[in-house]
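> One file: query15.cif (mmCIF, C-alpha atoms, pLDDT in the B column; chains and numbers go by the auth columns).
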```cif
data_upload
#
loop_
_atom_site.group_PDB
_atom_site.id
_atom_site.type_symbol
_atom_site.label_atom_id
_atom_site.label_comp_id
_atom_site.label_asym_id
_atom_site.label_seq_id
_atom_site.Cartn_x
_atom_site.Cartn_y
_atom_site.Cartn_z
_atom_site.B_iso_or_equiv
_atom_site.auth_seq_id
_atom_site.auth_asym_id
ATOM 1 C CA MET A 1 102.012 102.369 104.412 49.00 1141 A
ATOM 2 C CA THR A 2 99.322 104.385 106.197 51.00 1142 A
ATOM 3 C CA LYS A 3 101.529 104.732 109.275 52.00 1143 A
ATOM 4 C CA ARG A 4 104.450 106.071 107.163 54.00 1144 A
ATOM 5 C CA LEU A 5 102.148 108.516 105.400 42.00 1145 A
ATOM 6 C CA LEU A 6 100.794 109.744 108.734 44.00 1146 A
ATOM 7 C CA VAL A 7 104.332 110.252 110.092 45.00 1147 A
ATOM 8 C CA ALA A 8 105.386 112.083 106.905 46.00 1148 A
ATOM 9 C CA LEU A 9 102.348 114.375 107.026 44.00 1149 A
ATOM 10 C CA THR A 10 102.933 115.095 110.723 46.00 1150 A
ATOM 11 C CA LEU A 11 106.567 116.040 110.050 43.00 1151 A
ATOM 12 C CA LEU A 12 105.579 118.201 107.094 42.00 1152 A
ATOM 13 C CA ALA A 13 102.957 120.004 109.170 45.00 1153 A
ATOM 14 C CA ALA A 14 105.482 120.599 111.967 45.00 1154 A
ATOM 15 C CA LEU A 15 108.064 122.007 109.541 41.00 1155 A
ATOM 16 C CA CYS A 16 105.509 124.343 107.990 41.00 1156 A
ATOM 17 C CA CYS A 17 104.707 125.776 111.420 40.00 1157 A
ATOM 18 C CA LEU A 18 108.321 126.692 112.148 40.00 1158 A
ATOM 19 C CA PRO A 19 109.090 130.341 111.346 39.00 1159 A
ATOM 20 C CA SER A 20 111.767 130.998 108.786 35.00 1160 A
ATOM 21 C CA ALA A 21 114.773 133.091 109.792 35.00 1161 A
ATOM 22 C CA SER A 22 113.691 136.014 107.638 33.00 1162 A
ATOM 23 C CA VAL A 23 110.099 136.028 108.882 35.00 1163 A
ATOM 24 C CA GLY A 24 110.956 135.507 112.561 38.00 1164 A
ATOM 25 C CA GLN A 25 113.494 138.319 112.754 42.00 1165 A
ATOM 26 C CA THR A 26 111.368 141.070 111.255 45.00 1166 A
ATOM 27 C CA GLY A 27 108.727 141.053 113.983 56.00 1167 A
ATOM 28 C CA MET A 28 111.064 140.282 116.871 65.00 1168 A
ATOM 29 C CA ARG A 29 110.981 142.637 119.854 87.00 1169 A
ATOM 30 C CA PHE A 30 113.461 142.595 122.699 94.00 1170 A
ATOM 31 C CA ALA A 31 112.373 142.989 126.312 94.00 1171 A
ATOM 32 C CA ALA A 32 113.107 146.419 127.786 95.00 1172 A
ATOM 33 C CA PRO A 33 115.598 146.693 130.646 96.00 1173 A
ATOM 34 C CA LYS A 34 114.034 146.312 134.066 95.00 1174 A
ATOM 35 C CA SER A 35 114.053 149.366 136.282 96.00 1175 A
ATOM 36 C CA GLY A 36 115.964 148.996 139.508 98.00 1176 A
ATOM 37 C CA VAL A 37 119.466 148.116 140.619 99.00 1177 A
ATOM 38 C CA TRP A 38 121.999 146.594 138.219 99.00 1178 A
ATOM 39 C CA ARG A 39 125.504 145.230 138.904 99.00 1179 A
ATOM 40 C CA ILE A 40 128.097 146.237 136.307 99.00 1180 A
ATOM 41 C CA THR A 41 131.511 144.725 135.642 99.00 1181 A
ATOM 42 C CA GLY A 42 133.924 146.155 133.122 99.00 1182 A
ATOM 43 C CA LYS A 43 137.526 146.458 132.043 99.00 1183 A
ATOM 44 C CA ASP A 44 139.201 149.325 130.220 98.00 1184 A
ATOM 45 C CA VAL A 45 141.792 148.942 127.446 98.00 1185 A
ATOM 46 C CA GLU A 46 144.594 149.604 129.953 97.00 1186 A
ATOM 47 C CA GLY A 47 143.525 146.524 131.930 98.00 1187 A
ATOM 48 C CA LEU A 48 141.907 148.285 134.895 98.00 1188 A
ATOM 49 C CA LYS A 49 138.776 146.517 136.142 99.00 1189 A
ATOM 50 C CA TRP A 50 135.703 148.497 137.156 99.00 1190 A
ATOM 51 C CA LEU A 51 132.678 147.659 139.305 99.00 1191 A
ATOM 52 C CA GLY A 52 129.483 149.668 139.242 98.00 1192 A
ATOM 53 C CA THR A 53 126.043 149.769 140.779 99.00 1193 A
ATOM 54 C CA MET A 54 123.541 151.280 138.349 99.00 1194 A
ATOM 55 C CA ARG A 55 120.143 152.648 139.350 99.00 1195 A
ATOM 56 C CA LEU A 56 117.903 152.691 136.288 98.00 1196 A
ATOM 57 C CA ALA A 57 114.502 154.427 136.232 97.00 1197 A
ATOM 58 C CA ALA A 58 112.061 154.301 133.306 96.00 1198 A
ATOM 59 C CA ARG A 59 110.900 157.705 132.009 97.00 1199 A
ATOM 60 C CA ALA A 60 108.862 157.318 128.821 96.00 1200 A
ATOM 61 C CA ARG A 61 108.073 155.035 125.902 94.00 1201 A
ATOM 62 C CA HIS A 62 107.794 156.291 122.313 92.00 1202 A
ATOM 63 C CA GLY A 63 106.949 153.380 119.992 91.00 1203 A
ATOM 64 C CA VAL A 64 110.028 151.149 119.776 93.00 1204 A
ATOM 65 C CA ARG A 65 112.119 153.566 121.898 96.00 1205 A
ATOM 66 C CA ALA A 66 112.045 153.801 125.691 97.00 1206 A
ATOM 67 C CA THR A 67 113.929 156.408 127.714 98.00 1207 A
ATOM 68 C CA TYR A 68 115.531 156.086 131.128 98.00 1208 A
ATOM 69 C CA SER A 69 117.532 158.123 133.601 99.00 1209 A
ATOM 70 C CA GLY A 70 119.714 157.185 136.521 99.00 1210 A
ATOM 71 C CA TYR A 71 123.207 157.017 137.879 99.00 1211 A
ATOM 72 C CA ILE A 72 126.111 154.607 138.267 99.00 1212 A
ATOM 73 C CA ASP A 73 128.309 154.431 141.364 99.00 1213 A
ATOM 74 C CA TRP A 74 131.697 153.469 139.912 99.00 1214 A
ATOM 75 C CA ARG A 75 134.806 152.098 141.642 98.00 1215 A
ATOM 76 C CA SER A 76 138.012 150.853 140.038 98.00 1216 A
ATOM 77 C CA SER A 77 139.547 147.605 141.270 98.00 1217 A
ATOM 78 C CA ASP A 78 142.616 149.470 142.564 98.00 1218 A
ATOM 79 C CA ARG A 79 140.237 151.782 144.523 97.00 1219 A
ATOM 80 C CA ARG A 80 142.011 154.891 143.185 98.00 1220 A
ATOM 81 C CA ASN A 81 139.069 155.988 141.011 98.00 1221 A
ATOM 82 C CA SER A 82 135.412 156.354 141.919 98.00 1222 A
ATOM 83 C CA GLY A 83 132.388 158.592 141.507 98.00 1223 A
ATOM 84 C CA ARG A 84 128.681 158.798 140.784 99.00 1224 A
ATOM 85 C CA GLU A 85 127.930 159.242 137.071 99.00 1225 A
ATOM 86 C CA PHE A 86 124.490 160.607 136.160 99.00 1226 A
ATOM 87 C CA PHE A 87 123.063 159.595 132.785 99.00 1227 A
ATOM 88 C CA ASN A 88 120.172 159.463 130.340 99.00 1228 A
ATOM 89 C CA ALA A 89 119.547 156.298 128.338 99.00 1229 A
ATOM 90 C CA SER A 90 117.580 155.056 125.332 98.00 1230 A
ATOM 91 C CA PHE A 91 116.519 151.479 124.605 98.00 1231 A
ATOM 92 C CA TYR A 92 115.379 150.275 121.169 98.00 1232 A
ATOM 93 C CA SER A 93 113.109 147.217 121.271 96.00 1233 A
ATOM 94 C CA GLY A 94 113.593 146.501 117.560 94.00 1234 A
ATOM 95 C CA ASN A 95 117.272 145.561 117.929 96.00 1235 A
ATOM 96 C CA GLY A 96 117.696 145.263 121.717 97.00 1236 A
ATOM 97 C CA GLY A 97 120.267 148.063 121.791 98.00 1237 A
ATOM 98 C CA ILE A 98 120.757 150.404 124.722 98.00 1238 A
ATOM 99 C CA THR A 99 122.698 153.664 124.679 99.00 1239 A
ATOM 100 C CA ILE A 100 123.676 155.382 127.930 99.00 1240 A
ATOM 101 C CA VAL A 101 125.068 158.924 127.873 99.00 1241 A
ATOM 102 C CA GLY A 102 126.701 160.236 131.032 98.00 1242 A
ATOM 103 C CA TYR A 103 126.444 163.974 131.620 98.00 1243 A
ATOM 104 C CA ARG A 104 127.991 164.592 135.066 98.00 1244 A
ATOM 105 C CA VAL A 105 130.195 162.860 137.645 98.00 1245 A
ATOM 106 C CA ALA A 106 129.717 163.771 141.307 98.00 1246 A
ATOM 107 C CA ARG A 107 132.147 162.955 144.119 98.00 1247 A
ATOM 108 C CA ALA A 108 134.827 162.201 141.522 97.00 1248 A
ATOM 109 C CA LYS A 109 138.006 160.691 142.917 98.00 1249 A
ATOM 110 C CA GLY A 110 140.954 159.943 140.640 96.00 1250 A
ATOM 111 C CA ASP A 111 140.644 159.584 136.880 94.00 1251 A
ATOM 112 C CA ILE A 112 136.928 159.338 136.077 96.00 1252 A
ATOM 113 C CA ALA A 113 134.750 161.177 133.547 97.00 1253 A
ATOM 114 C CA ALA A 114 131.244 160.944 132.095 98.00 1254 A
ATOM 115 C CA GLY A 115 131.180 158.478 129.214 98.00 1255 A
ATOM 116 C CA ARG A 116 129.033 157.043 126.466 99.00 1256 A
ATOM 117 C CA TYR A 117 127.984 153.391 126.696 99.00 1257 A
ATOM 118 C CA SER A 118 126.300 150.934 124.371 99.00 1258 A
ATOM 119 C CA GLY A 119 125.179 147.341 124.801 98.00 1259 A
ATOM 120 C CA HIS A 120 122.451 144.812 124.012 98.00 1260 A
ATOM 121 C CA LEU A 121 119.684 143.465 126.208 97.00 1261 A
ATOM 122 C CA SER A 122 119.148 139.763 126.725 94.00 1262 A
ATOM 123 C CA GLY A 123 117.609 137.498 129.327 85.00 1263 A
ATOM 124 C CA ARG A 124 114.128 139.066 129.285 91.00 1264 A
ATOM 125 C CA GLY A 125 115.537 142.513 130.034 94.00 1265 A
ATOM 126 C CA ARG A 126 117.701 141.357 132.944 97.00 1266 A
ATOM 127 C CA SER A 127 121.145 141.311 131.289 98.00 1267 A
ATOM 128 C CA ILE A 128 123.156 143.774 129.234 98.00 1268 A
ATOM 129 C CA VAL A 129 125.836 142.085 127.129 98.00 1269 A
ATOM 130 C CA ARG A 130 128.487 143.052 124.564 98.00 1270 A
ATOM 131 C CA GLY A 131 128.797 146.496 126.122 98.00 1271 A
ATOM 132 C CA THR A 132 131.414 149.061 125.163 99.00 1272 A
ATOM 133 C CA TRP A 133 132.244 152.471 126.600 98.00 1273 A
ATOM 134 C CA GLY A 134 134.228 155.469 125.494 98.00 1274 A
ATOM 135 C CA GLY A 135 133.995 159.215 125.076 95.00 1275 A
ATOM 136 C CA ARG A 136 135.926 162.393 125.630 92.00 1276 A
ATOM 137 C CA ASP A 137 138.517 162.032 128.413 92.00 1277 A
ATOM 138 C CA VAL A 138 137.422 158.398 128.860 96.00 1278 A
ATOM 139 C CA ILE A 139 139.630 155.322 128.500 97.00 1279 A
ATOM 140 C CA ALA A 140 137.631 152.921 126.301 98.00 1280 A
ATOM 141 C CA GLY A 141 136.471 149.604 127.682 98.00 1281 A
ATOM 142 C CA LYS A 142 134.010 146.729 127.653 99.00 1282 A
ATOM 143 C CA TRP A 143 131.262 146.001 130.153 99.00 1283 A
ATOM 144 C CA SER A 144 128.240 143.890 131.011 99.00 1284 A
ATOM 145 C CA ALA A 145 125.488 144.161 133.606 99.00 1285 A
ATOM 146 C CA LYS A 146 122.978 142.000 135.451 98.00 1286 A
ATOM 147 C CA TRP A 147 119.737 143.171 137.007 98.00 1287 A
ATOM 148 C CA SER A 148 119.864 142.714 140.781 97.00 1288 A
ATOM 149 C CA ARG A 149 116.626 143.976 142.336 94.00 1289 A
ATOM 150 C CA SER A 150 113.764 146.443 141.977 90.00 1290 A
ATOM 151 C CA ARG A 151 115.003 149.010 144.495 77.00 1291 A
#
```
Take the structure I supplied and represent it as structure tokens, if you would.


Amino acid sequence: MTKRLLVALTLLAALCCLPSASVGQTGMRFAAPKSGVWRITGKDVEGLKWLGTMRLAARARHGVRATYSGYIDWRSSDRRNSGREFFNASFYSGNGGITIVGYRVARAKGDIAAGRYSGHLSGRGRSIVRGTWGGRDVIAGKWSAKWSRSR
């Protein structure tokens, strides 16, 4: 009887220590994206695949929001489109969301324009998942990215 009571009390104590879904989510903070080089893969709604190398540099942190700047060297899988897209970005640690806003494309070749991107951080700030892109003069698409190295 004493052994069963001890096991029951141990289980009860363990269950009480587990956070509930509502309590755990309110204080959750996502890791910020790591500065450095990222590898991007994407595909637009017309089926064209894109590869990119993103250089991301941290600028400032304002509470739950962090700002970044950088550029992405883009190339389409058919090699007809490429260019360097400069951007500013914001990351929100409360929901793990990142927004990237392109403002200029240099060395543009083919059909490429500055776009607007969104995604979510995972993997301790080393992965961007569930990304989408779009914007004016931009064919919409989906993308993801993995952190590669610091420089």

> Expanded to explicit residues, what is the PyMOL selection byres ((chain A and resi 1234-1246) around 7) for this file, as a list of chain:residue names?

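What the PyMOL selection byres ((chain A and resi 1234-1246) around 7) grabs from the file is A:Met1168, A:Arg1169, A:Phe1170, A:Val1204, A:Gly1223, A:Arg1224, A:Glu1225, A:Phe1226, A:Phe1227, A:Asn1228, A:Ala1229, A:Ser1230, A:Phe1231, A:Tyr1232, A:Ser1233, A:Arg1247, A:Ala1248, A:Ala1253, A:Ala1254, A:Gly1255, A:Arg1256, A:Tyr1257, A:Ser1258, A:Gly1259, A:His1260, A:Leu1261.
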
> How many Å separate atom CA of A:Trp1214 from atom CA of A:Gly1182?

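Taking atom CA of A:Trp1214 as the start and atom CA of A:Gly1182 as the end point, the length is 10.2 Å.
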
> Run through the PyMOL selection byres ((chain A and resi 1250) around 6) on the given coordinates and return the selected residues as a short mmCIF file (atom, residue, chain, number, x, y, z; two decimals) with C-alpha atoms, keeping the file's coordinate frame.


```cif
data_model
loop_
_atom_site.label_atom_id
_atom_site.label_comp_id
_atom_site.auth_asym_id
_atom_site.auth_seq_id
_atom_site.Cartn_x
_atom_site.Cartn_y
_atom_site.Cartn_z
CA ARG A 1220 142.01 154.89 143.18
CA ASN A 1221 139.07 155.99 141.01
CA LYS A 1249 138.01 160.69 142.92
CA ASP A 1251 140.64 159.58 136.88
#
```

> Compare A:Gly1281, A:Pro1173, A:Gly1187, A:Gly1265 by their minimum atom-to-atom distance to A:Ala1206, counting only C-alpha atoms, and give me the closest one.

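Between A:Gly1281, A:Pro1173, A:Gly1187, A:Gly1265, the residue approaching A:Ala1206 most closely is A:Pro1173.
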
> Please compute the atom CA of A:Arg1266-atom CA of A:Ser1284 distance, one decimal, in Å.

11.0 Å

> I'd like the neighbourhood of A:Ala1197 as a PyMOL selection string, where a residue qualifies if any of its atoms comes within 7 Å (using all atoms listed in the file), though same-chain residues fewer than 3 positions away should be ignored.

chain A and resi 1175-1176+1208-1210

> With all atoms listed in the file as the basis for distance, which of A:Ala1172, A:Val1185, A:Ala1198, A:Ile1279 is at the shortest distance from A:Ser1267?

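Result for the nearest residue to A:Ser1267: A:Ala1172.
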
> Work out how far atom CA of A:Val1177 is from atom CA of A:Leu1191, in Å to one decimal.

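Atom-to-atom, atom CA of A:Leu1191 and atom CA of A:Val1177 are spaced 13.3 Å apart.
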
> Axis-aligned box over every listed atom of stretch 1170-1173 of chain A, padded by 4 Å per side: centre and edges in Å to one decimal, as lines of an AutoDock Vina configuration file?


```
center_x = 114.0
center_y = 144.6
center_z = 126.7
size_x = 11.2
size_y = 12.1
size_z = 15.9
```

> Can you list what the PyMOL selection byres ((chain A and resi 1178) around 7) grabs from this structure, as a ChimeraX atom specification?

/A:1176-1177,1179-1180,1193-1195,1285-1288
